[in-house]
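Trainee: Structure provided below as structure tokens; questions to follow.
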Amino acid sequence: MKAIILKTFGPAENLEYIEKEIPVAGPEEILIKTRSISINPIDVKVRAGQRPAFKEKLPLILGWDIAGDIISSGENVKTFKTGDRVFGMICFPDPGNAYAEFTVAPAKDLAIIPTHVAYAEAACSGIAALTALQALKNFAPVQANQRVLIHAAAGGVGHFAVQLAKYFGAYVIGTASAGNKDFVLDLGANECIDYKTTVFEDEIKDIDLVIDTIGGDYIERSLKTMKAGATIVSIPSILNAQVSQLAEAQGKHGYPLLVKQNTKDLNFIADLLAKGILKPFISHVFSFDEMVAAHRQIESGKTRGKIVVSF
Ligand SMILES: NC(=O)c1ccc[n+]([C@@H]2O[C@H](COP(=O)([O-])OP(=O)(O)OC[C@H]3O[C@@H](n4cnc5c(N)ncnc54)[C@H](OP(=O)(O)O)[C@@H]3O)[C@@H](O)[C@H]2O)c1
């Protein structure tokens with residue numbers, strides 16, 4: 001089978017196409033024929049060497065978000081059958097091995113793709129959708145009519161977070177550049193602030209929950225928009241290390257988030273996809289031969305919604 005291997009950290013050109021044997025599923029695992037994968041900022045950060053812990057795992061195959069068909073299952077897998085269409089965030093945070101024509105994944109990391117949901121849409125709904133859901137629900141669960149501020153509302157995590165926060169009944173304020181304003185409002189946001197022309201902390205107040213996808217000085221700036229006792233969940237690892245101390249110093253709550261596989265959460269997302277309540281937006285579809293271009297797109301920091309690589 002064709003796969004893409006990363007032998008050394010560096011630019012996108014370090015992604016190397018190889019031929020390798022189709023893997024074999026262990027007792028709790030499933031062998032999947034890949035139909036679509038989505039590319040996330042974490043793929044790019046690992047490739048570029050911004051996550052040094054992966055050094056001891058080189059050479060590795062990147063990719064965590066997958067959608068495909070079950071070819072075979074390990075002897076202990078009772079939840080799926082051959083031919084089922086499945087999706088999920090696989091093996092995270094170990095290397096996911098999804099940049100390949102076939103991959104093996106633990107059955108617990110997968111859910112059935114609902115009928116009428118395309119492989120590409122399902123592939124988008126792993127890391128980004130799970131992150132958005134866990135940010136909204138795992139720390140200070142969002143309540144109806146609460147005011148929620150979502151940074152980078154047009155991005156992969158943000159565009160799911162807007163839709164989910166609206167589904168939970170919140171009043172949603174997103175930040176995005178002017179070109180994404182209509183996109184963010186169409187997702188359901190009540191307001192969209194242009195972060196390039198507006199000092200957002202001067203305009204926004206009485207926030208109950210901040211979903212911070214930027215980190216760094218956005219943490220202190222966002223704290224200014226928050227009510228006493230409100231919560232900020234900060235998502236970008238490394239850039240969010242101070243969030244708890246900074247928030248507690250102001251009588252507020254701050255939590256760093258690392259997305260976790262959770263079968264219940266994945267099935268919840270599948271159910272919202274099936275009902276058309278959650279709609280992944282795919283701005284670019286690349287072929288497997290175009291992985292370098294896909295990485296460059298994510299690296300731009302300007303991606304609207306999600307991008308996929310389809311097979
Ligand atoms: N810790 C975890 O478990 C975890 C999980 C998922 C993601 N993450 C991290 O969370 C971050 C976001 O991920 P993502 O997938 O949503 O990224 P993404 O899709 O690449 O984000 C792109 C979006 O960011 C917007 N943007 C850039 N700078 C902005 C700013 N200063 N203010 C507002 N919007 C801005 C852009 O909108 P404009 O073009 O309008 O500027 C674009 O739509 C990444 O750092 C990722 O690694 C962490």
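Residue numbering restarts at 1 for every chain of the structure tokens, chains are lettered A, B, ... in their displayed order, and ligands are numbered from 1 as they appear.
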Tell me which protein, DNA and RNA residues are within 8 Å of A:Phe102, counting only C-alpha atoms, leaving out same-chain ones fewer than 4 positions away, and put them as a list in words.
Mentor: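 In the requested form, the answer reads Met1, Ile22, Pro23, Leu31, Ile32, Lys33, Thr34 and Ala98 of chain A.
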Trainee: Can I get the residues close to ligand 1 as a PDB file with N, CA and C atoms, in the first residue's frame, where close means within 6 Å and we count only C-alpha atoms and all ligand atoms?
Mentor:
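Wrote out_19.pdb, looks like this:
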ATOM      1  N   ASN A  40      -4.972  18.392  10.505  1.00  0.00           N
ATOM      2  CA  ASN A  40      -5.139  19.321  11.626  1.00  0.00           C
ATOM      3  C   ASN A  40      -3.828  20.051  11.901  1.00  0.00           C
ATOM      4  N   PRO A  41      -3.893  21.196  12.601  1.00  0.00           N
ATOM      5  CA  PRO A  41      -2.646  21.889  12.964  1.00  0.00           C
ATOM      6  C   PRO A  41      -1.645  20.992  13.703  1.00  0.00           C
ATOM      7  N   ILE A  42      -2.143  20.020  14.484  1.00  0.00           N
ATOM      8  CA  ILE A  42      -1.204  19.158  15.214  1.00  0.00           C
ATOM      9  C   ILE A  42      -0.341  18.327  14.263  1.00  0.00           C
ATOM     10  N   ILE A 127     -10.832  15.147  15.509  1.00  0.00           N
ATOM     11  CA  ILE A 127     -10.139  16.027  16.472  1.00  0.00           C
ATOM     12  C   ILE A 127     -10.891  17.339  16.694  1.00  0.00           C
ATOM     13  N   ALA A 128     -11.236  18.031  15.617  1.00  0.00           N
ATOM     14  CA  ALA A 128     -11.803  19.380  15.767  1.00  0.00           C
ATOM     15  C   ALA A 128     -13.168  19.338  16.464  1.00  0.00           C
ATOM     16  N   THR A 131     -12.773  18.227  20.134  1.00  0.00           N
ATOM     17  CA  THR A 131     -12.187  19.324  20.921  1.00  0.00           C
ATOM     18  C   THR A 131     -13.252  20.360  21.259  1.00  0.00           C
ATOM     19  N   HIS A 151     -12.931  32.109  20.001  1.00  0.00           N
ATOM     20  CA  HIS A 151     -11.896  32.691  19.147  1.00  0.00           C
ATOM     21  C   HIS A 151     -11.619  31.779  17.951  1.00  0.00           C
ATOM     22  N   ALA A 152     -11.219  32.412  16.838  1.00  0.00           N
ATOM     23  CA  ALA A 152     -11.002  31.686  15.572  1.00  0.00           C
ATOM     24  C   ALA A 152     -12.254  30.883  15.225  1.00  0.00           C
ATOM     25  N   ALA A 154     -13.974  30.815  12.700  1.00  0.00           N
ATOM     26  CA  ALA A 154     -14.053  30.306  11.324  1.00  0.00           C
ATOM     27  C   ALA A 154     -13.170  29.087  11.111  1.00  0.00           C
ATOM     28  N   GLY A 155     -12.346  28.716  12.100  1.00  0.00           N
ATOM     29  CA  GLY A 155     -11.392  27.626  11.925  1.00  0.00           C
ATOM     30  C   GLY A 155     -12.022  26.259  12.181  1.00  0.00           C
ATOM     31  N   GLY A 156     -11.162  25.239  12.177  1.00  0.00           N
ATOM     32  CA  GLY A 156     -11.645  23.871  12.330  1.00  0.00           C
ATOM     33  C   GLY A 156     -12.384  23.665  13.646  1.00  0.00           C
ATOM     34  N   VAL A 157     -11.720  23.956  14.759  1.00  0.00           N
ATOM     35  CA  VAL A 157     -12.363  23.805  16.071  1.00  0.00           C
ATOM     36  C   VAL A 157     -13.482  24.829  16.216  1.00  0.00           C
ATOM     37  N   GLY A 158     -13.190  26.087  15.859  1.00  0.00           N
ATOM     38  CA  GLY A 158     -14.140  27.173  16.082  1.00  0.00           C
ATOM     39  C   GLY A 158     -15.460  26.960  15.359  1.00  0.00           C
ATOM     40  N   THR A 175     -14.804  35.419  17.040  1.00  0.00           N
ATOM     41  CA  THR A 175     -13.838  36.344  16.441  1.00  0.00           C
ATOM     42  C   THR A 175     -13.339  35.733  15.137  1.00  0.00           C
ATOM     43  N   ALA A 176     -13.161  36.601  14.145  1.00  0.00           N
ATOM     44  CA  ALA A 176     -12.659  36.175  12.825  1.00  0.00           C
ATOM     45  C   ALA A 176     -12.275  37.442  12.073  1.00  0.00           C
ATOM     46  N   SER A 177     -11.562  37.274  10.960  1.00  0.00           N
ATOM     47  CA  SER A 177     -11.273  38.444  10.127  1.00  0.00           C
ATOM     48  C   SER A 177     -12.528  38.777   9.305  1.00  0.00           C
ATOM     49  N   ASN A 180     -14.407  36.469   6.919  1.00  0.00           N
ATOM     50  CA  ASN A 180     -15.109  35.302   7.465  1.00  0.00           C
ATOM     51  C   ASN A 180     -16.348  35.676   8.273  1.00  0.00           C
ATOM     52  N   TYR A 195     -11.214  40.662  14.584  1.00  0.00           N
ATOM     53  CA  TYR A 195     -10.094  40.814  15.523  1.00  0.00           C
ATOM     54  C   TYR A 195      -8.973  41.677  14.950  1.00  0.00           C
ATOM     55  N   THR A 213      -8.812  29.399  21.190  1.00  0.00           N
ATOM     56  CA  THR A 213      -8.062  28.570  20.237  1.00  0.00           C
ATOM     57  C   THR A 213      -6.743  29.224  19.833  1.00  0.00           C
ATOM     58  N   ILE A 235      -7.007  26.065  24.411  1.00  0.00           N
ATOM     59  CA  ILE A 235      -6.797  24.828  23.661  1.00  0.00           C
ATOM     60  C   ILE A 235      -5.371  24.634  23.136  1.00  0.00           C
ATOM     61  N   PRO A 236      -4.681  25.675  22.643  1.00  0.00           N
ATOM     62  CA  PRO A 236      -3.381  25.375  22.024  1.00  0.00           C
ATOM     63  C   PRO A 236      -2.328  24.991  23.064  1.00  0.00           C
ATOM     64  N   SER A 237      -1.909  23.742  23.061  1.00  0.00           N
ATOM     65  CA  SER A 237      -0.911  23.254  24.022  1.00  0.00           C
ATOM     66  C   SER A 237       0.324  24.149  23.957  1.00  0.00           C
ATOM     67  N   LEU A 257      -6.831  22.446  27.718  1.00  0.00           N
ATOM     68  CA  LEU A 257      -7.546  21.261  27.213  1.00  0.00           C
ATOM     69  C   LEU A 257      -6.625  20.440  26.324  1.00  0.00           C
ATOM     70  N   LEU A 258      -6.606  19.144  26.550  1.00  0.00           N
ATOM     71  CA  LEU A 258      -6.014  18.217  25.581  1.00  0.00           C
ATOM     72  C   LEU A 258      -7.127  17.258  25.192  1.00  0.00           C
ATOM     73  N   VAL A 259      -7.456  17.246  23.903  1.00  0.00           N
ATOM     74  CA  VAL A 259      -8.584  16.422  23.458  1.00  0.00           C
ATOM     75  C   VAL A 259      -8.317  14.950  23.782  1.00  0.00           C
ATOM     76  N   ILE A 298      -2.810  24.319   5.925  1.00  0.00           N
ATOM     77  CA  ILE A 298      -3.011  24.421   7.380  1.00  0.00           C
ATOM     78  C   ILE A 298      -1.998  25.374   7.997  1.00  0.00           C
ATOM     79  N   GLY A 301      -2.551  29.213   8.558  1.00  0.00           N
ATOM     80  CA  GLY A 301      -3.339  29.756   9.669  1.00  0.00           C
ATOM     81  C   GLY A 301      -4.617  30.436   9.212  1.00  0.00           C
ATOM     82  N   LYS A 302      -4.971  30.244   7.943  1.00  0.00           N
ATOM     83  CA  LYS A 302      -6.114  30.959   7.358  1.00  0.00           C
ATOM     84  C   LYS A 302      -7.203  29.999   6.882  1.00  0.00           C
ATOM     85  N   THR A 303      -7.145  28.765   7.296  1.00  0.00           N
ATOM     86  CA  THR A 303      -8.113  27.796   6.780  1.00  0.00           C
ATOM     87  C   THR A 303      -9.513  28.098   7.305  1.00  0.00           C
ATOM     88  N   ARG A 304     -10.470  28.114   6.390  1.00  0.00           N
ATOM     89  CA  ARG A 304     -11.881  28.250   6.787  1.00  0.00           C
ATOM     90  C   ARG A 304     -12.437  26.833   6.963  1.00  0.00           C
ATOM     91  N   GLY A 305     -13.012  26.544   8.132  1.00  0.00           N
ATOM     92  CA  GLY A 305     -13.528  25.199   8.381  1.00  0.00           C
ATOM     93  C   GLY A 305     -12.402  24.188   8.327  1.00  0.00           C
TER      94      GLY A 305
END
Trainee: Do a neighbour search on stretch 56-60 of chain A at 10 Å with only C-alpha atoms, toss out local chain neighbours closer than 4 positions, and write the hits as a PyMOL selection string.
Mentor: chain A and resi 4-9+47+52+94-97+99
Trainee: Write the residues of the preceding selection, restricted to N, CA and C atoms, as a PDB file, in the first residue's frame.
Mentor:
ATOM      1  N   ILE A   4       2.586   7.673   3.704  1.00  0.00           N
ATOM      2  CA  ILE A   4       3.495   8.831   3.765  1.00  0.00           C
ATOM      3  C   ILE A   4       4.209   8.785   5.103  1.00  0.00           C
ATOM      4  N   ILE A   5       5.530   8.750   5.037  1.00  0.00           N
ATOM      5  CA  ILE A   5       6.299   8.607   6.275  1.00  0.00           C
ATOM      6  C   ILE A   5       7.057   9.908   6.569  1.00  0.00           C
ATOM      7  N   LEU A   6       7.231  10.172   7.869  1.00  0.00           N
ATOM      8  CA  LEU A   6       8.047  11.312   8.302  1.00  0.00           C
ATOM      9  C   LEU A   6       9.269  10.731   9.003  1.00  0.00           C
ATOM     10  N   LYS A   7      10.437  10.947   8.404  1.00  0.00           N
ATOM     11  CA  LYS A   7      11.657  10.387   9.004  1.00  0.00           C
ATOM     12  C   LYS A   7      12.359  11.401   9.891  1.00  0.00           C
ATOM     13  N   THR A   8      12.332  12.667   9.461  1.00  0.00           N
ATOM     14  CA  THR A   8      12.939  13.726  10.285  1.00  0.00           C
ATOM     15  C   THR A   8      12.009  14.941  10.296  1.00  0.00           C
ATOM     16  N   PHE A   9      12.003  15.656  11.419  1.00  0.00           N
ATOM     17  CA  PHE A   9      11.205  16.881  11.509  1.00  0.00           C
ATOM     18  C   PHE A   9      11.671  17.887  10.462  1.00  0.00           C
ATOM     19  N   ARG A  47       5.138  17.513  12.492  1.00  0.00           N
ATOM     20  CA  ARG A  47       6.038  17.444  11.328  1.00  0.00           C
ATOM     21  C   ARG A  47       7.167  18.472  11.436  1.00  0.00           C
ATOM     22  N   PRO A  52       8.576  18.034  20.448  1.00  0.00           N
ATOM     23  CA  PRO A  52       9.804  17.232  20.495  1.00  0.00           C
ATOM     24  C   PRO A  52       9.590  15.815  21.036  1.00  0.00           C
ATOM     25  N   ASP A  94      -0.750   9.117  20.481  1.00  0.00           N
ATOM     26  CA  ASP A  94       0.307   8.352  19.808  1.00  0.00           C
ATOM     27  C   ASP A  94       0.169   8.569  18.300  1.00  0.00           C
ATOM     28  N   PRO A  95       1.189   8.253  17.517  1.00  0.00           N
ATOM     29  CA  PRO A  95       1.045   8.436  16.070  1.00  0.00           C
ATOM     30  C   PRO A  95      -0.168   7.668  15.543  1.00  0.00           C
ATOM     31  N   GLY A  96      -0.955   8.341  14.700  1.00  0.00           N
ATOM     32  CA  GLY A  96      -2.230   7.764  14.259  1.00  0.00           C
ATOM     33  C   GLY A  96      -2.117   6.890  13.024  1.00  0.00           C
ATOM     34  N   ASN A  97      -1.060   7.102  12.221  1.00  0.00           N
ATOM     35  CA  ASN A  97      -0.831   6.257  11.030  1.00  0.00           C
ATOM     36  C   ASN A  97      -1.906   6.392   9.959  1.00  0.00           C
ATOM     37  N   TYR A  99      -2.065   8.513   7.382  1.00  0.00           N
ATOM     38  CA  TYR A  99      -1.626   8.882   6.028  1.00  0.00           C
ATOM     39  C   TYR A  99      -1.227   7.613   5.273  1.00  0.00           C
TER      40      TYR A  99
END
Trainee: Could you go through stretch 134-283 of chain A and tell me which residues DSSP, when run on the backbone, assigns to helix (DSSP H, G or I), listing them as a VMD selection string?
Mentor: chain A and resid 134 to 137 156 to 167 178 to 187 200 to 203 217 to 223 243 to 248 263 to 274
Trainee: Can you tell me which residues surround stretch 273-275 of chain A at a distance of at most 9 Å, considering only C-alpha atoms, apart from same-chain residues fewer than 5 positions away, and format the answer as a VMD selection string?
Mentor: chain A and resid 113 to 117 121 to 122 125 268 280
Trainee: Any chance you can output those residues with C-alpha atoms as a PDB file, in the first residue's frame?
Mentor:
ATOM      1  CA  ILE A 113     -20.685   7.125   9.809  1.00  0.00           C
ATOM      2  CA  PRO A 114     -24.384   7.963   9.589  1.00  0.00           C
ATOM      3  CA  THR A 115     -26.163   7.230   6.309  1.00  0.00           C
ATOM      4  CA  HIS A 116     -26.100  10.287   4.014  1.00  0.00           C
ATOM      5  CA  VAL A 117     -22.939  11.638   5.697  1.00  0.00           C
ATOM      6  CA  GLU A 121     -17.503  15.140   6.304  1.00  0.00           C
ATOM      7  CA  ALA A 122     -16.956  12.303   8.768  1.00  0.00           C
ATOM      8  CA  SER A 125     -15.429  15.408  12.584  1.00  0.00           C
ATOM      9  CA  PHE A 268     -22.862  12.161  20.129  1.00  0.00           C
ATOM     10  CA  PRO A 280     -18.632  20.284   8.781  1.00  0.00           C
TER      11      PRO A 280
END
Trainee: Which of these, A:Ile238, A:Ala230, A:Leu278, A:Val308, has the shortest distance to A:Gln50 once you count only C-alpha atoms?
Mentor: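 Closest to A:Gln50, using only C-alpha atoms: A:Ile238.
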Trainee: Measuring atom to atom with only C-alpha atoms, identify which of A:Phe281, A:Asp217, A:Phe139, A:Gly49 is nearest to A:Val184.
Mentor: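 Result for the nearest residue to A:Val184: A:Phe281.
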Trainee: Contacts of A:Gly26 at 9 Å or less, counting only C-alpha atoms, minus same-chain residues fewer than 6 places along, as a ChimeraX atom specification?
Mentor: /A:73-76,104,106
Trainee: Among stretch 90-231 of chain A, which residues carry a DSSP assignment of strand (DSSP E), reported as a PyMOL selection string?
Mentor: chain A and resi 102-106+111-112+147-150+171-176+191-194+207-212+226-231
Trainee: Name the residues in contact with A:Pro11 at a cut-off of 9 Å, using only C-alpha atoms, excluding same-chain residues fewer than 6 positions from it; report them as a PyMOL selection string.
Mentor: chain A and resi 44+47-48+292
Trainee: Keeping only N, CA and C atoms, write the selected residues as a PDB file, in the first residue's frame.
Mentor:
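Result file is result.pdb:
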ATOM      1  N   VAL A  44       0.835  19.337  11.471  1.00  0.00           N
ATOM      2  CA  VAL A  44       1.863  20.263  10.991  1.00  0.00           C
ATOM      3  C   VAL A  44       2.883  20.544  12.099  1.00  0.00           C
ATOM      4  N   ARG A  47       5.138  17.513  12.492  1.00  0.00           N
ATOM      5  CA  ARG A  47       6.038  17.444  11.328  1.00  0.00           C
ATOM      6  C   ARG A  47       7.167  18.472  11.436  1.00  0.00           C
ATOM      7  N   ALA A  48       6.825  19.675  11.916  1.00  0.00           N
ATOM      8  CA  ALA A  48       7.802  20.767  11.975  1.00  0.00           C
ATOM      9  C   ALA A  48       8.728  20.672  13.190  1.00  0.00           C
ATOM     10  N   VAL A 292       1.655  17.701   0.564  1.00  0.00           N
ATOM     11  CA  VAL A 292       2.501  18.866   0.864  1.00  0.00           C
ATOM     12  C   VAL A 292       1.648  20.141   0.792  1.00  0.00           C
TER      13      VAL A 292
END
Trainee: Using only C-alpha atoms, which of A:Ile112, A:Ala293, A:Met89, A:Ile150 sits nearest A:Cys192?
Mentor: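 Answer, going by the shortest atom-to-atom distance: A:Ile150.
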Trainee: Between A:Val243, A:Ile269, A:Ile207, A:Leu15, which is the closest to A:Glu220 once you count only C-alpha atoms?
Mentor: A:Val243
Trainee: Return the single residue from A:Ala228, A:Leu223, A:Ala111, A:Ala25 that is closest to A:Ser244, with distances computed using only C-alpha atoms.
Mentor: A:Leu223
Trainee: Quick one: residues within 10 Å of A:Asp202, only C-alpha atoms counted, chain neighbours fewer than 3 positions away excluded, as an MDAnalysis selection string?
Mentor: chainID A and resid 198:199 205 221 224:225
Trainee: Go ahead and compute the interatomic distance for atom CA of A:Asp69 and atom CA of A:Ala12, in Å to one decimal.
Mentor: 28.0 Å
Trainee: Kindly give the distance, in Å, that separates atom CA of A:Pro27 and atom CA of A:Thr103, rounded to a single decimal.
Mentor: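 If I compute the distance from atom CA of A:Pro27 to atom CA of A:Thr103, I get 14.7 Å.
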Trainee: Given the choices A:Ala129, A:Ile307, A:Ala107, A:Leu164, which gets closest to A:Ile37 if the distance is worked out from only C-alpha atoms?
Mentor: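 Among A:Ala129, A:Ile307, A:Ala107, A:Leu164, it is A:Ile307 that comes nearest to A:Ile37.
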